[in-house]
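The structure under discussion appears below in the form of structure tokens.
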Amino acid sequence: MSTLNYQERIPNNVDLGSNRQLQRALEHWQPRFLTWWKELGPERYQGADVYLRTAISVDENGWANYGFVKMPDYRWGIFLADQEPNRTIGFGDLYGKPVWQQVPAEFRSVLRRLIVTQGDTEPASVEQQRLLGLTCPSLYDLRNLFQVNVEEGRHLWAMVYLLHAHFGRDGREEAEELLARHSGDADKPRILGTFNEPISDWLSFFMFTYFTDRDGKFQLKSLAESAFDPLARSCRFMLTEEAYHMHVGENGIGRIVQRTLEVMKEIGSEDPEAVRRAGAIDLPTIQRYVNFWFSSSLDLFGSEQSSNAASAFANGIKGRPDEASFEDHLALNQACTIEVPDGAGGMRREDVPLRNAMNEVTRRAFIADCESGFIRWNRLIQKSGFQTQLTLPSPRFRRAIGVWAGQPVAPDGSIIAREAWETRKASWLPSEADHAFIRSLMRQVIEPGKVAGWIARPARKVNHLDADYEYVKFH
Ligand SMILES: [Fe+2]
Ligand SMILES: [Fe+2]
């Protein structure tokens, strides 16, 4: 059954009403979640009416339910994609056996850790983005930010449901901890480093939704293959929402590039300083932000070689994205070739047993997926008659995790002298001056139909409503 029960305090399609104990436990967590949302969710706009989409079922039309809602009244619900009858495990040593509806005792702690780590990123990103509303470039963008934020809140609900429903007292304690850790908190930080950095400008927000939410997409795709069926089903539904977050990123960066090109044509110059003086973001600065955000996202996939990844695959816990597209689901007696530094300023190739290279397999799928936006943006640049191209840096560039961690590698992938890296990195990564310039552009625009000067008007509508619609009403 996929229709949502709106009569209940917690909208759900998991028949929560039939399990009183679980329902009570989640109803007990709900006010704590709301307290967290009001304290650490979007600053200043808790009382505003926001034109939001709320999921009311998991089928194709069910999540396109639009209306004005104050964010604290958003109906955060629990949705699992429909159960596939007779689903079997799609990979690893248990290939072909029935999937699990309950957690097997031997995999309890590893599954709990995975769910907690995934769950922790969801409220973390809401916390990171909490001040962005104060500098939004338009009402349209403000509304999109809040849509992303409430959906990250729902993703937290999805993971908390799994913890409560399947991990007993430990799970309930973990659910409390998900609200107790805070992004950037000195004593109780979020689990993953990147999620402790504030996102304080909109260029970073669009980079985050383009790259970091896409990392999320690939983690969810791997977990959507899991033998633990409730986890697989939650992740499958979360993926529909994640796709929207990446769309916000791709569109935002595209509109920035478009505005930059308009200004370059107006002033008849590509000179970064001239572009900045005209109030737009020069392409080299956009490239430096790409270099920063892409390289941080790559680290989120972990080391190229990992025995944890191998056992998660062997045990059916975490598969490859789109596992069905592979011919062989055992991944035994196969190798993945990776490049490693040779210690003498060059690199060599090394064969890693495929199961141990699952992080790398997933990272490569992510990298290929990152290309789509670049093709579009570069077409825009070319059509405007300019030669510059935005590119993804080499995956070896500025890594902090894995075999290339700390290695002096240029964005084109070449290994350079350490002194050269130190002197040139300022031209490859956003500098303090870049940050200061971007911050200087961040002025709030909230008049319906008006857009800040550094970003083009949105071409896309929200639910057939034009860009000048009053998407957020402040009263
Ligand atoms: Fe999410
Ligand atoms: Fe997301």
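To be explicit about the labels: the chains of the structure tokens are called A, B, and onward in the order shown, and within each one the residues are counted from 1, while ligands get numbers from 1 in the order they are shown.
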### Selection within 12 Å of ligand 2 by only C-alpha atoms and all ligand atoms, output as a ChimeraX atom specification
/A:118-119,121-126,129,144-156,205-206,208-220,235,238-249
Next, the residues of the selection above should be written as a CSV table (one decimal), in the first residue's frame with N, CA and C atoms.
chain,number,residue,atom,x,y,z
A,118,GLN,N,24.8,7.6,7.6
A,118,GLN,CA,24.0,8.2,6.5
A,118,GLN,C,23.0,9.2,7.2
A,119,GLY,N,22.4,8.8,8.3
A,119,GLY,CA,21.4,9.7,8.9
A,119,GLY,C,22.0,11.0,9.4
A,121,THR,N,24.3,12.8,8.2
A,121,THR,CA,24.6,13.8,7.2
A,121,THR,C,23.3,14.7,6.9
A,122,GLU,N,22.2,14.1,7.1
A,122,GLU,CA,20.9,14.8,6.8
A,122,GLU,C,20.7,16.1,7.6
A,123,PRO,N,20.6,15.9,9.0
A,123,PRO,CA,20.4,17.1,9.8
A,123,PRO,C,21.7,18.0,9.7
A,124,ALA,N,22.8,17.4,9.5
A,124,ALA,CA,24.1,18.2,9.4
A,124,ALA,C,23.9,19.2,8.2
A,125,SER,N,23.4,18.8,7.1
A,125,SER,CA,23.4,19.8,6.0
A,125,SER,C,22.4,20.9,6.2
A,126,VAL,N,21.3,20.6,7.0
A,126,VAL,CA,20.3,21.6,7.3
A,126,VAL,C,21.0,22.6,8.2
A,129,GLN,N,23.4,24.9,6.4
A,129,GLN,CA,22.8,25.9,5.5
A,129,GLN,C,21.8,26.9,6.1
A,144,ASN,N,13.5,27.1,-2.9
A,144,ASN,CA,14.2,25.9,-3.3
A,144,ASN,C,15.1,25.4,-2.1
A,145,LEU,N,15.8,26.4,-1.5
A,145,LEU,CA,16.6,26.1,-0.3
A,145,LEU,C,15.8,25.4,0.8
A,146,PHE,N,14.6,26.0,1.0
A,146,PHE,CA,13.8,25.4,2.1
A,146,PHE,C,13.2,24.0,1.7
A,147,GLN,N,13.0,23.9,0.4
A,147,GLN,CA,12.5,22.5,-0.1
A,147,GLN,C,13.6,21.5,0.2
A,148,VAL,N,14.8,21.8,-0.1
A,148,VAL,CA,15.9,20.9,0.1
A,148,VAL,C,16.0,20.7,1.6
A,149,ASN,N,16.0,21.7,2.4
A,149,ASN,CA,16.1,21.6,3.9
A,149,ASN,C,15.0,20.6,4.5
A,150,VAL,N,13.8,20.8,4.1
A,150,VAL,CA,12.7,20.0,4.7
A,150,VAL,C,12.9,18.5,4.2
A,151,GLU,N,13.4,18.4,3.0
A,151,GLU,CA,13.6,17.0,2.6
A,151,GLU,C,14.8,16.3,3.3
A,152,GLU,N,15.8,17.1,3.6
A,152,GLU,CA,16.9,16.5,4.4
A,152,GLU,C,16.3,16.1,5.7
A,153,GLY,N,15.4,16.9,6.3
A,153,GLY,CA,14.7,16.6,7.5
A,153,GLY,C,14.0,15.2,7.4
A,154,ARG,N,13.3,15.1,6.2
A,154,ARG,CA,12.6,13.8,6.0
A,154,ARG,C,13.6,12.6,5.9
A,155,HIS,N,14.7,12.9,5.3
A,155,HIS,CA,15.7,11.8,5.2
A,155,HIS,C,16.2,11.3,6.6
A,156,LEU,N,16.3,12.3,7.5
A,156,LEU,CA,16.6,12.0,8.9
A,156,LEU,C,15.5,11.1,9.4
A,205,PHE,N,26.6,26.8,-1.7
A,205,PHE,CA,25.4,26.0,-1.6
A,205,PHE,C,25.1,25.2,-2.9
A,206,PHE,N,25.3,25.9,-4.1
A,206,PHE,CA,25.0,25.2,-5.3
A,206,PHE,C,26.1,24.2,-5.6
A,208,PHE,N,27.6,22.5,-3.2
A,208,PHE,CA,27.3,21.5,-2.3
A,208,PHE,C,26.2,20.6,-2.9
A,209,THR,N,25.1,21.2,-3.4
A,209,THR,CA,24.0,20.4,-3.9
A,209,THR,C,24.4,19.7,-5.2
A,210,TYR,N,25.4,20.3,-6.0
A,210,TYR,CA,25.8,19.6,-7.2
A,210,TYR,C,26.7,18.4,-6.8
A,211,PHE,N,27.7,18.6,-6.0
A,211,PHE,CA,28.7,17.6,-5.7
A,211,PHE,C,28.4,16.7,-4.5
A,212,THR,N,28.1,17.4,-3.3
A,212,THR,CA,28.0,16.6,-2.1
A,212,THR,C,26.6,15.8,-2.1
A,213,ASP,N,25.6,16.5,-2.5
A,213,ASP,CA,24.3,15.7,-2.6
A,213,ASP,C,24.4,14.6,-3.6
A,214,ARG,N,25.3,14.7,-4.6
A,214,ARG,CA,25.5,13.6,-5.6
A,214,ARG,C,26.3,12.5,-4.9
A,215,ASP,N,27.2,12.8,-4.0
A,215,ASP,CA,27.8,11.8,-3.3
A,215,ASP,C,26.7,11.0,-2.5
A,216,GLY,N,25.8,11.8,-1.9
A,216,GLY,CA,24.6,11.2,-1.2
A,216,GLY,C,23.9,10.3,-2.2
A,217,LYS,N,23.7,10.7,-3.4
A,217,LYS,CA,22.9,9.9,-4.4
A,217,LYS,C,23.6,8.5,-4.5
A,218,PHE,N,25.0,8.5,-4.6
A,218,PHE,CA,25.7,7.3,-4.9
A,218,PHE,C,25.7,6.4,-3.6
A,219,GLN,N,25.8,7.0,-2.4
A,219,GLN,CA,25.7,6.2,-1.2
A,219,GLN,C,24.4,5.5,-1.2
A,220,LEU,N,23.3,6.3,-1.5
A,220,LEU,CA,22.0,5.8,-1.4
A,220,LEU,C,21.8,4.7,-2.5
A,235,CYS,N,15.9,3.9,1.0
A,235,CYS,CA,16.9,4.6,0.1
A,235,CYS,C,16.3,4.8,-1.3
A,238,MET,N,14.2,7.8,-1.1
A,238,MET,CA,15.1,9.0,-0.9
A,238,MET,C,15.7,9.5,-2.2
A,239,LEU,N,16.1,8.6,-3.0
A,239,LEU,CA,16.7,8.9,-4.3
A,239,LEU,C,15.9,9.9,-5.2
A,240,THR,N,14.6,9.7,-5.1
A,240,THR,CA,13.7,10.6,-5.9
A,240,THR,C,13.9,12.0,-5.4
A,241,GLU,N,14.0,12.2,-4.1
A,241,GLU,CA,14.2,13.6,-3.5
A,241,GLU,C,15.6,14.1,-3.8
A,242,GLU,N,16.6,13.2,-3.7
A,242,GLU,CA,18.0,13.6,-3.9
A,242,GLU,C,18.2,14.1,-5.3
A,243,ALA,N,17.5,13.6,-6.3
A,243,ALA,CA,17.6,14.0,-7.7
A,243,ALA,C,17.2,15.5,-7.8
A,244,TYR,N,16.3,15.9,-7.0
A,244,TYR,CA,15.8,17.3,-7.0
A,244,TYR,C,17.0,18.2,-6.4
A,245,HIS,N,17.6,17.7,-5.4
A,245,HIS,CA,18.7,18.5,-4.8
A,245,HIS,C,19.8,18.8,-5.8
A,246,MET,N,20.2,17.8,-6.6
A,246,MET,CA,21.2,18.0,-7.5
A,246,MET,C,20.8,18.9,-8.7
A,247,HIS,N,19.5,18.8,-9.0
A,247,HIS,CA,18.9,19.7,-10.0
A,247,HIS,C,19.1,21.2,-9.5
A,248,VAL,N,18.8,21.4,-8.2
A,248,VAL,CA,19.0,22.8,-7.7
A,248,VAL,C,20.4,23.2,-7.9
A,249,GLY,N,21.4,22.3,-7.6
A,249,GLY,CA,22.8,22.7,-7.8
A,249,GLY,C,23.1,22.9,-9.3
Write out, as a Markdown table, each residue of range 179-225 of chain A that has an atom at most 9 Å from range 279-291 of chain A, together with the closest pair of atoms and their distance in Å to one decimal, counting only C-alpha atoms, rows going by chain and rising number.
| residue | atom | partner | partner_atom | distance |
| --- | --- | --- | --- | --- |
| A:Leu203 | CA | A:Tyr289 | CA | 8.0 |
| A:Ser204 | CA | A:Tyr289 | CA | 7.4 |
| A:Met207 | CA | A:Val290 | CA | 7.0 |
| A:Phe211 | CA | A:Val290 | CA | 8.8 |
### Message
What's around Gly453 in chain A at 9 Å? Count only C-alpha atoms, leave out sequence neighbours fewer than 2 positions away in its own chain, and write the answer as a ChimeraX atom specification.
### Response
/A:137,259,279-280,441,451,455-456
### DSSP strand (DSSP E or B) residues within range 86-322 of chain A, listed as a PyMOL selection string
chain A and resi 88+98+100+228
Taking C-alpha atoms for each residue, export the selection above as a PDB file, in the first residue's frame.
ATOM      1  CA  THR A  88      16.476 -11.830  -3.474  1.00  0.00           C
ATOM      2  CA  PRO A  98      15.889 -14.098   0.131  1.00  0.00           C
ATOM      3  CA  TRP A 100      16.123  -9.816   5.126  1.00  0.00           C
ATOM      4  CA  PHE A 228      18.339  -5.492   4.460  1.00  0.00           C
TER       5      PHE A 228
END
### Task
Once DSSP has gone over the backbone, tell me which residues of range 186-380 of chain A are in alpha helix (DSSP H), as an MDAnalysis selection string.
chainID A and resid 202:207 213:223 229:267 272:277 283:299 307:314 358:380
Could you write those residues out with C-alpha atoms, as a short mmCIF file (atom, residue, chain, number, x, y, z; two decimals), in the first residue's frame?
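Dumped everything to selection24.cif:
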data_model
loop_
_atom_site.label_atom_id
_atom_site.label_comp_id
_atom_site.auth_asym_id
_atom_site.auth_seq_id
_atom_site.Cartn_x
_atom_site.Cartn_y
_atom_site.Cartn_z
CA TRP A 202 25.18 30.60 -2.34
CA LEU A 203 27.97 29.63 -4.73
CA SER A 204 29.03 27.08 -2.12
CA PHE A 205 25.41 26.00 -1.63
CA PHE A 206 25.02 25.24 -5.34
CA MET A 207 28.40 23.43 -5.35
CA ASP A 213 24.30 15.71 -2.63
CA ARG A 214 25.50 13.64 -5.60
CA ASP A 215 27.82 11.76 -3.25
CA GLY A 216 24.63 11.20 -1.24
CA LYS A 217 22.94 9.86 -4.36
CA PHE A 218 25.67 7.26 -4.87
CA GLN A 219 25.73 6.21 -1.22
CA LEU A 220 21.96 5.78 -1.41
CA LYS A 221 22.25 3.83 -4.67
CA SER A 222 24.67 1.40 -2.98
CA LEU A 223 22.40 1.07 0.05
CA ASP A 229 15.11 -4.78 2.61
CA PRO A 230 13.69 -1.93 4.77
CA LEU A 231 16.95 -0.02 4.24
CA ALA A 232 16.89 -0.68 0.49
CA ARG A 233 13.29 0.51 0.25
CA SER A 234 13.88 3.73 2.24
CA CYS A 235 16.89 4.58 0.11
CA ARG A 236 15.01 3.99 -3.13
CA PHE A 237 12.44 6.60 -2.16
CA MET A 238 15.07 9.04 -0.86
CA LEU A 239 16.73 8.91 -4.29
CA THR A 240 13.72 10.61 -5.90
CA GLU A 241 14.19 13.56 -3.53
CA GLU A 242 17.98 13.59 -3.89
CA ALA A 243 17.62 14.01 -7.66
CA TYR A 244 15.85 17.31 -7.01
CA HIS A 245 18.68 18.54 -4.76
CA MET A 246 21.22 17.96 -7.54
CA HIS A 247 18.91 19.72 -9.96
CA VAL A 248 18.99 22.77 -7.66
CA GLY A 249 22.80 22.66 -7.83
CA GLU A 250 23.07 22.16 -11.58
CA ASN A 251 20.55 24.88 -12.26
CA GLY A 252 22.09 27.31 -9.80
CA ILE A 253 25.59 26.94 -11.24
CA GLY A 254 24.15 27.16 -14.76
CA ARG A 255 22.38 30.44 -13.95
CA ILE A 256 25.57 31.87 -12.44
CA VAL A 257 27.55 30.93 -15.56
CA GLN A 258 24.84 32.40 -17.76
CA ARG A 259 24.89 35.71 -15.89
CA THR A 260 28.71 35.82 -16.06
CA LEU A 261 28.55 35.31 -19.83
CA GLU A 262 25.98 38.10 -20.20
CA VAL A 263 28.30 40.45 -18.31
CA MET A 264 31.36 39.33 -20.31
CA LYS A 265 29.52 40.18 -23.51
CA GLU A 266 28.27 43.51 -22.16
CA ILE A 267 31.72 44.68 -21.13
CA PRO A 272 38.28 38.42 -14.11
CA GLU A 273 38.73 41.78 -12.41
CA ALA A 274 36.52 43.53 -14.96
CA VAL A 275 33.86 40.83 -14.60
CA ARG A 276 33.93 41.26 -10.83
CA ARG A 277 33.69 45.02 -11.09
CA LEU A 283 34.76 31.91 -14.58
CA PRO A 284 38.21 31.26 -12.96
CA THR A 285 36.62 31.74 -9.53
CA ILE A 286 33.84 29.31 -10.42
CA GLN A 287 36.54 26.83 -11.53
CA ARG A 288 38.35 27.20 -8.18
CA TYR A 289 35.12 26.45 -6.30
CA VAL A 290 34.62 23.39 -8.54
CA ASN A 291 38.17 22.23 -7.72
CA PHE A 292 37.49 22.58 -4.00
CA TRP A 293 34.07 20.95 -3.85
CA PHE A 294 34.80 18.11 -6.27
CA SER A 295 37.94 17.06 -4.42
CA SER A 296 36.18 17.15 -1.02
CA SER A 297 33.31 15.04 -2.36
CA LEU A 298 35.72 12.39 -3.67
CA ASP A 299 37.09 11.83 -0.18
CA SER A 307 38.51 -4.45 3.67
CA ASN A 308 35.34 -3.00 5.23
CA ALA A 309 33.96 -2.31 1.76
CA ALA A 310 34.90 -5.87 0.74
CA SER A 311 33.05 -7.44 3.65
CA ALA A 312 30.04 -5.15 3.23
CA PHE A 313 29.84 -6.40 -0.36
CA ALA A 314 30.49 -10.05 0.53
CA MET A 358 34.23 -1.15 -4.12
CA ASN A 359 34.75 2.40 -2.84
CA GLU A 360 36.70 3.16 -6.00
CA VAL A 361 34.05 1.54 -8.22
CA THR A 362 31.40 3.78 -6.64
CA ARG A 363 33.64 6.86 -6.83
CA ARG A 364 34.18 6.29 -10.58
CA ALA A 365 30.43 6.05 -11.16
CA PHE A 366 30.07 9.34 -9.25
CA ILE A 367 32.77 11.03 -11.34
CA ALA A 368 31.09 10.00 -14.60
CA ASP A 369 27.79 11.35 -13.28
CA CYS A 370 29.39 14.71 -12.41
CA GLU A 371 30.13 15.37 -16.10
CA SER A 372 26.57 16.13 -17.23
CA GLY A 373 26.44 19.67 -15.87
CA PHE A 374 29.83 20.53 -17.33
CA ILE A 375 28.71 19.57 -20.82
CA ARG A 376 25.76 21.96 -20.51
CA TRP A 377 27.70 24.85 -18.97
CA ASN A 378 30.52 24.56 -21.51
CA ARG A 379 28.02 24.60 -24.35
CA LEU A 380 26.65 27.87 -22.92
#
### Of the listed residues A:Glu127, A:Asp120, A:Glu173, A:Asp412, that which approaches ligand 1 most closely, counting only C-alpha atoms and all ligand atoms
A:Asp120
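The shell of residues at most 10 Å from Trp37 in chain A, with only C-alpha atoms counted and near chain neighbours (fewer than 2 positions) removed, consists of Pro31, Arg32, Phe33, Leu34, Thr35, Glu39, Leu40, Gly41, Pro42, Glu43, Gln46, Met71, Pro72, Pro123, Val126, Glu127, Asn149, Val150, Gly153 and Leu179 of chain A.
Residues surrounding Gln407 in chain A within 12 Å are Val340, Pro341, Asp342, Gly343, Ala344, Gly345, Gly346, Met347, Pro395, Arg396, Phe397, Arg398, Arg399, Ala400, Ile401, Gly413, Ser414, Ile415, Ile416, Ala417, Arg418, Glu419, Ala420, Trp421 and Glu422 of chain A [only C-alpha atoms; sequence separation below 6 positions excluded].
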Neighbour list for Asp201 in chain A as a compact mmCIF listing (two decimals) with N, CA and C atoms, in the first residue's frame, cut-off 8 Å, only C-alpha atoms, skip fewer than 4 positions in-chain:
# COMPACT_ATOMS: atom_id res chain seq x y z
N LEU A 132 21.65 30.68 5.15
CA LEU A 132 21.62 31.07 3.73
C LEU A 132 20.41 31.90 3.36
N THR A 135 20.63 35.65 2.87
CA THR A 135 21.32 36.26 1.72
C THR A 135 20.81 35.69 0.39
N PHE A 205 26.65 26.80 -1.75
CA PHE A 205 25.41 26.00 -1.63
C PHE A 205 25.14 25.23 -2.93
N ILE A 438 33.03 36.80 -2.92
CA ILE A 438 31.74 36.11 -3.00
C ILE A 438 30.82 36.60 -1.87
N ARG A 439 31.40 36.71 -0.67
CA ARG A 439 30.58 37.20 0.45
C ARG A 439 30.03 38.59 0.17
N MET A 442 26.72 38.63 -1.53
CA MET A 442 25.59 37.99 -0.88
C MET A 442 24.70 39.01 -0.17
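Across A:Lys188, A:Tyr51, A:Gln83, A:Leu22, the tightest approach to Leu163 in chain A is made by A:Leu22 when counting only C-alpha atoms.
The shortest atom-to-atom distance to Arg24 in chain A, with only C-alpha atoms taken into account, belongs to A:Arg9 out of A:Asn315, A:Arg9, A:Trp36, A:Glu327.
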Surrounding residues of Glu225 in chain A excluding itself and chain neighbours under 4 positions, 8 Å, only C-alpha atoms, as a PDB file with C-alpha atoms, in the first residue's frame:
ATOM      1  CA  GLY A  90      21.584  -9.230  -5.676  1.00  0.00           C
ATOM      2  CA  LYS A 221      22.251   3.826  -4.673  1.00  0.00           C
ATOM      3  CA  ALA A 232      16.895  -0.680   0.487  1.00  0.00           C
ATOM      4  CA  ILE A 317      25.065  -5.126   3.109  1.00  0.00           C
ATOM      5  CA  LYS A 318      26.193  -2.570   0.553  1.00  0.00           C
ATOM      6  CA  GLY A 319      26.297  -3.211  -3.182  1.00  0.00           C
ATOM      7  CA  ARG A 320      27.480  -1.292  -6.205  1.00  0.00           C
ATOM      8  CA  PRO A 321      25.293   1.488  -7.633  1.00  0.00           C
ATOM      9  CA  ASP A 322      23.054  -0.143 -10.267  1.00  0.00           C
ATOM     10  CA  GLU A 323      24.245  -3.616  -9.303  1.00  0.00           C
TER      11      GLU A 323
END
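Counting only C-alpha atoms and comparing A:Ala48, A:Lys473, A:Val69, A:Leu80, the residue that lies closest to Ala158 in chain A is A:Leu80.
Nearest to Arg355 in chain A of all the residues A:Pro85, A:Gly402, A:Gly92, A:Pro411 is A:Gly92, counting only C-alpha atoms.
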## Note on the structure
Judged by only C-alpha atoms and all ligand atoms, the minimum distance to ligand 1 among A:Met159, A:Ala64, A:Ala81, A:Ala278 is found for A:Met159
